[in-house]
Each structure stands twice: as structure tokens, then as C-alpha cells.
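Worksheet: the structure to be examined is printed underneath.
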Amino acid sequence: LGAMRAGQVLLVLLAASAVMPAKDPLLNVCMDAKHHKTKPGPEGTLHGQCAPWKDNACCTANTSSEAHKDQSYLYNFNWNHCGVMPSKCKRHFIQDTCLYECSPNLGPWIDQVDSSWRRERILHVPLCKEDCEEWWEDCKDYVTCKDNWHKGWNWATGTNRCPWGSICRPFTQVFPEPKDLCEKIWSNSYKYTTERRGSGRCIQMWFDPARGNPNVVVAKYYAWKKRSSPAGMENVTPEAGKAVCALPWPVLVLLPLALVLLSERVRSCGPHAWGSL
């Protein structure tokens with residue numbers, strides 16, 4: 001009788017674990033980087049343009065405040081390396097910093113790196129068409145000396161300066177198209193897409209928090225795609241495609257136990273014992 005009851009309990013747990021999704025390591029996570037929290041959570045208040053992430057953030061209030069400074073302790077990065085950056089342009093770089101530091105929805109694009117100051121980065125995040133094009137449009141009148149701001153600077157003074165021999169040129173020469181800006185400026189952290197805001201297929205730097213964070217569903221879609229779609233399946237959605245998912249760990253643990261107990265029940269009570277469960 002004890003074995004029968006134990007078997008019944010295990011079968012119930014088995015059924016429950018099969019329908020209860022295990023935590024997805026690609027969702028609601030923070031990067032292992034210089035200023036990120038170990039896990040996302042609410043932050044009472046975040047400064048300025050980082051405020052949309054305050055309900056669930058990977059950044060602290062102090063990090064969000066530093067993200068708005070021309071030269072902060074975050075990375076000692078100088079936006080004004082070729083003269084004063086116009087405010088309409090700078091706001092996009094601030095928003096880019098807020099997304100990078102605060103968003104818990106970049107898991108599908110986190111990549112391992114061998115660096116002295118971070119162990120993870122983002123790679124090929126699909127940025128919405130409007131975000132990329134507005135960024136380029138508002139910065140096209142600025143000048144810069146490099147197309148990759150991620151590396152190659154002269155750091156002799158402790159902050160980034162243009163490399164020796166380089167010259168400051170208009171943005172439109174350094175980045176002829178919006179795609180060039182978004183993909184080159186941070187070593188392919190972003191990927192230019194033709195997907196639009198609200199499509200559920202691209203990450204938004206800009207959004208109205210009163211309407212919720214649209215990047216939550218985007219991260220879920222690409223996490224699903226990364227787990228279940230073979231390379232090259234571009235137009236399959238979770239509704240149209242049938243993903244093959246791994247069994248959650250409770251199933252893998254409980255199934256053998258259930259089978260053992262049930263087999264003991266069969267041996268002790270005969271083959272009709274299966275029908276009595």
C-alpha cells in the first residue's frame with residue numbers, strides 16, 4: 001500500500017513538473033560585467049532616461065545617475081572627443097548606456113568574453129529600425145575620429161582621446177548609413193533590423209514604461225528561437241512551429257523513481273496492480 005501511494009504521489013508531481021516551466025537562463029538576467037547587479041530587481045528610482053527600467057533593473061540608482069554625465073566613473077569615456085556633442089545626439093548615447101546597464105532582457109544575446117573588466121557582453125542585439133535611424137539622424141551633424149568606439153583609443157591621459165594621426169570627420173563620412181552606426185560603434189553589440197517598434201521582434205532603446213516593457217516579449221521570442229529553431233529558420237513563430245523542448249529537471253529525477261516504485265508494486269501485487277493505481 002505504501003509503495004502504491006508513493007507511486008501515486010510521484011506521478012502527480014511528475015505531471016505538475018511537466019507543465020511547470022523551469023526558469024529560463026536566457027530570461028530576466030543581468031550580464032556579468034563591470035557595474036551590473038548580480039540579478040535584476042526593483043530600484044525605487046532611477047535617474048533621468050534610465051527611469052523606464054526602475055521596476056526591474058540590472059543597474060543601481062548610482063549607475064543610472066553616472067550614465068548621464070559627460071565623463072563618469074563608469075568607464076571614463078569622453079563623449080566630447082571631437083568637440084562638444086550636441087544634446088540631441090548625446091541623449092541617444094545616454095539611452096544606449098541605460099539599455100546596456102539596466103535591461104534584464106538581453107539574455108539571448110549575452111556572449112562570453114575574455115576581458116579584465118567584464119566576463120560577458122552583448123552581441124548582435126536586434127535593434128528596432130526607428131531606434132537606429134533616429135540615433136543616426138540626430139547625430140549626423142556631429143564629428144568623430146573613429147567608427148569603433150569600443151577599442152583603439154589613446155588612453156594615455158586616463159580618458160579616451162583620438163588615436164595619434166586620426167582626424168575628426170563628420171558622422172556621415174564615418175557612418176554613411178544608420179546600419180553602420182548601430183553595428184560598428186560598439187563592435188557589433190547591435191544588429192540593424194527592418195523590424196519596427198511594437199513588432200515583438202526587435203529591442204527598443206526607447207519605450208513608455210506606462211505601457212510596460214516591450215523588450216520582455218522580444219527576449220522570450222528570441223530565447224525560444226535560440227533553443228528550438230535550427231539555423232536559418234527565420235520566419236517561424238512559437239504558434240506556427242512546434243518546438244522540441246527538453247524535459248524539466250524534476251521530470252528527469254522523478255520519472256526513474258516512479259518507475260521503480262511502480263515495478264515494485266507490480267511484483268508484489270501482480271499485473272493487475274497497474275489498474276488499481
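Residues are referred to by chain and number: the chain letter is A, B, ... according to the order shown in the C-alpha cells, the number counts from 1 in that chain, and ligands are numbered separately from 1 in the order shown.
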### Near-region 210-217 of chain A list (7 Å; only C-alpha atoms; drop same-chain fewer than 3 positions) as an MDAnalysis selection string
chainID A and resid 105 198 200 203:204 220:221
### Query
Which residues come within 10 Å of Glu43 (chain A), counting only C-alpha atoms, excluding same-chain residues fewer than 5 positions away, as a PyMOL selection string?
chain A and resi 51+53-61
### Task
Can you pull out every residue within 8 Å of region 23-38 of chain A, counting only C-alpha atoms, but drop anything in the same chain fewer than 5 positions away, and send it as a PyMOL selection string?
chain A and resi 58-60+63+74+101-108+110+117-121+219-220+223
If you keep N, CA, C and O atoms, can you produce a file of those selected residues as a PDB file, in the first residue's frame?
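Done, and the output landed in result10.pdb:
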ATOM      1  N   CYS A  58      18.858  45.959 -13.900  1.00  0.00           N
ATOM      2  CA  CYS A  58      20.174  45.381 -13.617  1.00  0.00           C
ATOM      3  C   CYS A  58      21.161  46.456 -13.163  1.00  0.00           C
ATOM      4  O   CYS A  58      22.317  46.159 -12.886  1.00  0.00           O
ATOM      5  N   CYS A  59      20.706  47.712 -13.111  1.00  0.00           N
ATOM      6  CA  CYS A  59      21.571  48.818 -12.694  1.00  0.00           C
ATOM      7  C   CYS A  59      21.097  49.383 -11.363  1.00  0.00           C
ATOM      8  O   CYS A  59      19.933  49.219 -10.981  1.00  0.00           O
ATOM      9  N   THR A  60      21.982  50.047 -10.664  1.00  0.00           N
ATOM     10  CA  THR A  60      21.633  50.736  -9.432  1.00  0.00           C
ATOM     11  C   THR A  60      21.302  52.186  -9.746  1.00  0.00           C
ATOM     12  O   THR A  60      21.579  52.681 -10.844  1.00  0.00           O
ATOM     13  N   THR A  63      24.475  54.043 -10.687  1.00  0.00           N
ATOM     14  CA  THR A  63      24.912  53.786 -12.069  1.00  0.00           C
ATOM     15  C   THR A  63      24.066  54.590 -13.050  1.00  0.00           C
ATOM     16  O   THR A  63      24.588  55.168 -14.009  1.00  0.00           O
ATOM     17  N   LEU A  74      31.985  55.465 -14.634  1.00  0.00           N
ATOM     18  CA  LEU A  74      31.620  54.160 -15.180  1.00  0.00           C
ATOM     19  C   LEU A  74      32.735  53.603 -16.063  1.00  0.00           C
ATOM     20  O   LEU A  74      33.185  52.480 -15.895  1.00  0.00           O
ATOM     21  N   GLU A 101      23.214  48.985 -19.299  1.00  0.00           N
ATOM     22  CA  GLU A 101      23.431  48.808 -17.862  1.00  0.00           C
ATOM     23  C   GLU A 101      22.204  48.269 -17.131  1.00  0.00           C
ATOM     24  O   GLU A 101      22.334  47.534 -16.151  1.00  0.00           O
ATOM     25  N   CYS A 102      21.005  48.649 -17.589  1.00  0.00           N
ATOM     26  CA  CYS A 102      19.798  48.400 -16.797  1.00  0.00           C
ATOM     27  C   CYS A 102      18.911  47.259 -17.275  1.00  0.00           C
ATOM     28  O   CYS A 102      18.167  46.686 -16.476  1.00  0.00           O
ATOM     29  N   SER A 103      18.948  46.938 -18.561  1.00  0.00           N
ATOM     30  CA  SER A 103      17.973  45.985 -19.094  1.00  0.00           C
ATOM     31  C   SER A 103      18.221  44.549 -18.628  1.00  0.00           C
ATOM     32  O   SER A 103      19.332  44.038 -18.744  1.00  0.00           O
ATOM     33  N   PRO A 104      17.155  43.867 -18.153  1.00  0.00           N
ATOM     34  CA  PRO A 104      17.253  42.446 -17.816  1.00  0.00           C
ATOM     35  C   PRO A 104      16.793  41.565 -18.979  1.00  0.00           C
ATOM     36  O   PRO A 104      16.594  40.368 -18.809  1.00  0.00           O
ATOM     37  N   ASN A 105      16.618  42.178 -20.154  1.00  0.00           N
ATOM     38  CA  ASN A 105      16.037  41.470 -21.305  1.00  0.00           C
ATOM     39  C   ASN A 105      17.014  41.268 -22.451  1.00  0.00           C
ATOM     40  O   ASN A 105      16.611  41.199 -23.616  1.00  0.00           O
ATOM     41  N   LEU A 106      18.302  41.162 -22.129  1.00  0.00           N
ATOM     42  CA  LEU A 106      19.319  40.993 -23.169  1.00  0.00           C
ATOM     43  C   LEU A 106      19.949  39.603 -23.132  1.00  0.00           C
ATOM     44  O   LEU A 106      20.937  39.336 -23.822  1.00  0.00           O
ATOM     45  N   GLY A 107      19.354  38.708 -22.347  1.00  0.00           N
ATOM     46  CA  GLY A 107      19.908  37.367 -22.164  1.00  0.00           C
ATOM     47  C   GLY A 107      20.205  36.588 -23.431  1.00  0.00           C
ATOM     48  O   GLY A 107      21.258  35.946 -23.539  1.00  0.00           O
ATOM     49  N   PRO A 108      19.300  36.595 -24.432  1.00  0.00           N
ATOM     50  CA  PRO A 108      19.569  35.809 -25.643  1.00  0.00           C
ATOM     51  C   PRO A 108      20.813  36.243 -26.413  1.00  0.00           C
ATOM     52  O   PRO A 108      21.294  35.510 -27.269  1.00  0.00           O
ATOM     53  N   ILE A 110      23.709  37.575 -24.767  1.00  0.00           N
ATOM     54  CA  ILE A 110      24.890  37.654 -23.912  1.00  0.00           C
ATOM     55  C   ILE A 110      25.943  36.679 -24.426  1.00  0.00           C
ATOM     56  O   ILE A 110      25.656  35.521 -24.714  1.00  0.00           O
ATOM     57  N   TRP A 117      37.887  43.532 -17.360  1.00  0.00           N
ATOM     58  CA  TRP A 117      36.852  44.290 -16.641  1.00  0.00           C
ATOM     59  C   TRP A 117      35.442  43.737 -16.802  1.00  0.00           C
ATOM     60  O   TRP A 117      34.509  44.231 -16.174  1.00  0.00           O
ATOM     61  N   ARG A 118      35.269  42.713 -17.603  1.00  0.00           N
ATOM     62  CA  ARG A 118      33.960  42.067 -17.680  1.00  0.00           C
ATOM     63  C   ARG A 118      34.116  40.661 -18.248  1.00  0.00           C
ATOM     64  O   ARG A 118      35.051  40.390 -19.006  1.00  0.00           O
ATOM     65  N   ARG A 119      33.177  39.787 -17.885  1.00  0.00           N
ATOM     66  CA  ARG A 119      33.217  38.401 -18.368  1.00  0.00           C
ATOM     67  C   ARG A 119      32.182  38.148 -19.456  1.00  0.00           C
ATOM     68  O   ARG A 119      32.221  37.122 -20.113  1.00  0.00           O
ATOM     69  N   GLU A 120      31.233  39.087 -19.585  1.00  0.00           N
ATOM     70  CA  GLU A 120      30.186  38.931 -20.591  1.00  0.00           C
ATOM     71  C   GLU A 120      29.909  40.256 -21.288  1.00  0.00           C
ATOM     72  O   GLU A 120      30.141  41.326 -20.725  1.00  0.00           O
ATOM     73  N   ARG A 121      29.403  40.165 -22.507  1.00  0.00           N
ATOM     74  CA  ARG A 121      28.995  41.331 -23.287  1.00  0.00           C
ATOM     75  C   ARG A 121      27.742  40.956 -24.071  1.00  0.00           C
ATOM     76  O   ARG A 121      27.292  39.807 -24.015  1.00  0.00           O
ATOM     77  N   ALA A 219      12.602  39.307 -25.805  1.00  0.00           N
ATOM     78  CA  ALA A 219      13.581  38.370 -25.237  1.00  0.00           C
ATOM     79  C   ALA A 219      13.018  36.953 -25.202  1.00  0.00           C
ATOM     80  O   ALA A 219      13.727  35.979 -25.497  1.00  0.00           O
ATOM     81  N   LYS A 220      11.720  36.814 -24.868  1.00  0.00           N
ATOM     82  CA  LYS A 220      11.100  35.489 -24.833  1.00  0.00           C
ATOM     83  C   LYS A 220      11.091  34.855 -26.221  1.00  0.00           C
ATOM     84  O   LYS A 220      11.371  33.654 -26.380  1.00  0.00           O
ATOM     85  N   ALA A 223      14.702  33.884 -27.111  1.00  0.00           N
ATOM     86  CA  ALA A 223      15.146  32.770 -26.261  1.00  0.00           C
ATOM     87  C   ALA A 223      14.555  31.474 -26.784  1.00  0.00           C
ATOM     88  O   ALA A 223      15.239  30.450 -26.893  1.00  0.00           O
TER      89      ALA A 223
END
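Of the residues in region 159-202 of chain A, those that DSSP places in helix (DSSP H, G or I) on the basis of the backbone are Phe171, Thr172, Gln173, Val174, Pro178, Lys179, Asp180, Leu181, Cys182, Glu183 and Lys184 of chain A.
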Could you please take those selected residues and save C-alpha atoms as a PDB file, in the first residue's frame?
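Result saved to result-v9.pdb:
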ATOM      1  CA  PHE A 171      29.380  61.417 -38.737  1.00  0.00           C
ATOM      2  CA  THR A 172      28.010  60.943 -42.235  1.00  0.00           C
ATOM      3  CA  GLN A 173      31.511  60.153 -43.510  1.00  0.00           C
ATOM      4  CA  VAL A 174      32.407  57.813 -40.670  1.00  0.00           C
ATOM      5  CA  PRO A 178      22.277  54.128 -39.877  1.00  0.00           C
ATOM      6  CA  LYS A 179      23.311  50.475 -40.144  1.00  0.00           C
ATOM      7  CA  ASP A 180      26.986  51.494 -39.999  1.00  0.00           C
ATOM      8  CA  LEU A 181      26.469  53.443 -36.784  1.00  0.00           C
ATOM      9  CA  CYS A 182      24.480  50.817 -34.914  1.00  0.00           C
ATOM     10  CA  GLU A 183      26.619  47.839 -35.872  1.00  0.00           C
ATOM     11  CA  LYS A 184      30.127  49.314 -35.885  1.00  0.00           C
TER      12      LYS A 184
END
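Note that the spacing between CA of Thr97 (chain A) and CA of Gly83 (chain A) amounts to 20.3 Å.
Here CA of Asn76 (chain A) and CA of Lys191 (chain A) stand 25.4 Å from one another.
Across A:Phe207, A:Gly158, A:Thr144, A:Gly165, the tightest approach to Met85 (chain A) is made by A:Thr144 when counting only C-alpha atoms.
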#### Entry: Pick from A:His81, A:Lys88, A:Lys225, A:Arg196 nearest to Ser166 (chain A), counting only C-alpha atoms
A:His81
### Sel. of strand (DSSP E or B) residues, region 114-252 of chain A, as a VMD selection string
chain A and resid 120 to 122 125 to 127 143 to 144 154 161 169 to 170 190 to 192 203
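With CA of Cys50 (chain A) on one side and CA of Leu127 (chain A) on the other, the separation reads 17.4 Å.
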### Task
Would you list the contacts of region 149-156 of chain A as a PyMOL selection string, taking every protein, DNA or RNA residue within 9 Å and counting only C-alpha atoms, but skipping same-chain residues closer than 6 positions in sequence?
chain A and resi 162-164+184-187
Keeping only N, CA and C atoms, write those residues as a PDB file, in the first residue's frame.
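Done, and the output landed in out.pdb:
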ATOM      1  N   CYS A 162      41.360  60.779 -29.300  1.00  0.00           N
ATOM      2  CA  CYS A 162      41.520  60.245 -30.654  1.00  0.00           C
ATOM      3  C   CYS A 162      42.929  59.692 -30.838  1.00  0.00           C
ATOM      4  N   PRO A 163      43.048  58.573 -31.531  1.00  0.00           N
ATOM      5  CA  PRO A 163      44.384  57.988 -31.764  1.00  0.00           C
ATOM      6  C   PRO A 163      45.278  58.974 -32.508  1.00  0.00           C
ATOM      7  N   TRP A 164      46.577  58.883 -32.278  1.00  0.00           N
ATOM      8  CA  TRP A 164      47.524  59.741 -32.982  1.00  0.00           C
ATOM      9  C   TRP A 164      47.373  59.572 -34.485  1.00  0.00           C
ATOM     10  N   LYS A 184      28.676  49.143 -36.028  1.00  0.00           N
ATOM     11  CA  LYS A 184      30.127  49.314 -35.885  1.00  0.00           C
ATOM     12  C   LYS A 184      30.545  49.957 -34.575  1.00  0.00           C
ATOM     13  N   ILE A 185      29.711  50.842 -34.047  1.00  0.00           N
ATOM     14  CA  ILE A 185      30.179  51.712 -32.969  1.00  0.00           C
ATOM     15  C   ILE A 185      30.581  50.957 -31.705  1.00  0.00           C
ATOM     16  N   TRP A 186      29.911  49.845 -31.418  1.00  0.00           N
ATOM     17  CA  TRP A 186      30.264  49.051 -30.233  1.00  0.00           C
ATOM     18  C   TRP A 186      30.602  47.604 -30.621  1.00  0.00           C
ATOM     19  N   SER A 187      31.372  47.430 -31.669  1.00  0.00           N
ATOM     20  CA  SER A 187      31.862  46.093 -32.051  1.00  0.00           C
ATOM     21  C   SER A 187      30.736  45.075 -32.198  1.00  0.00           C
TER      22      SER A 187
END
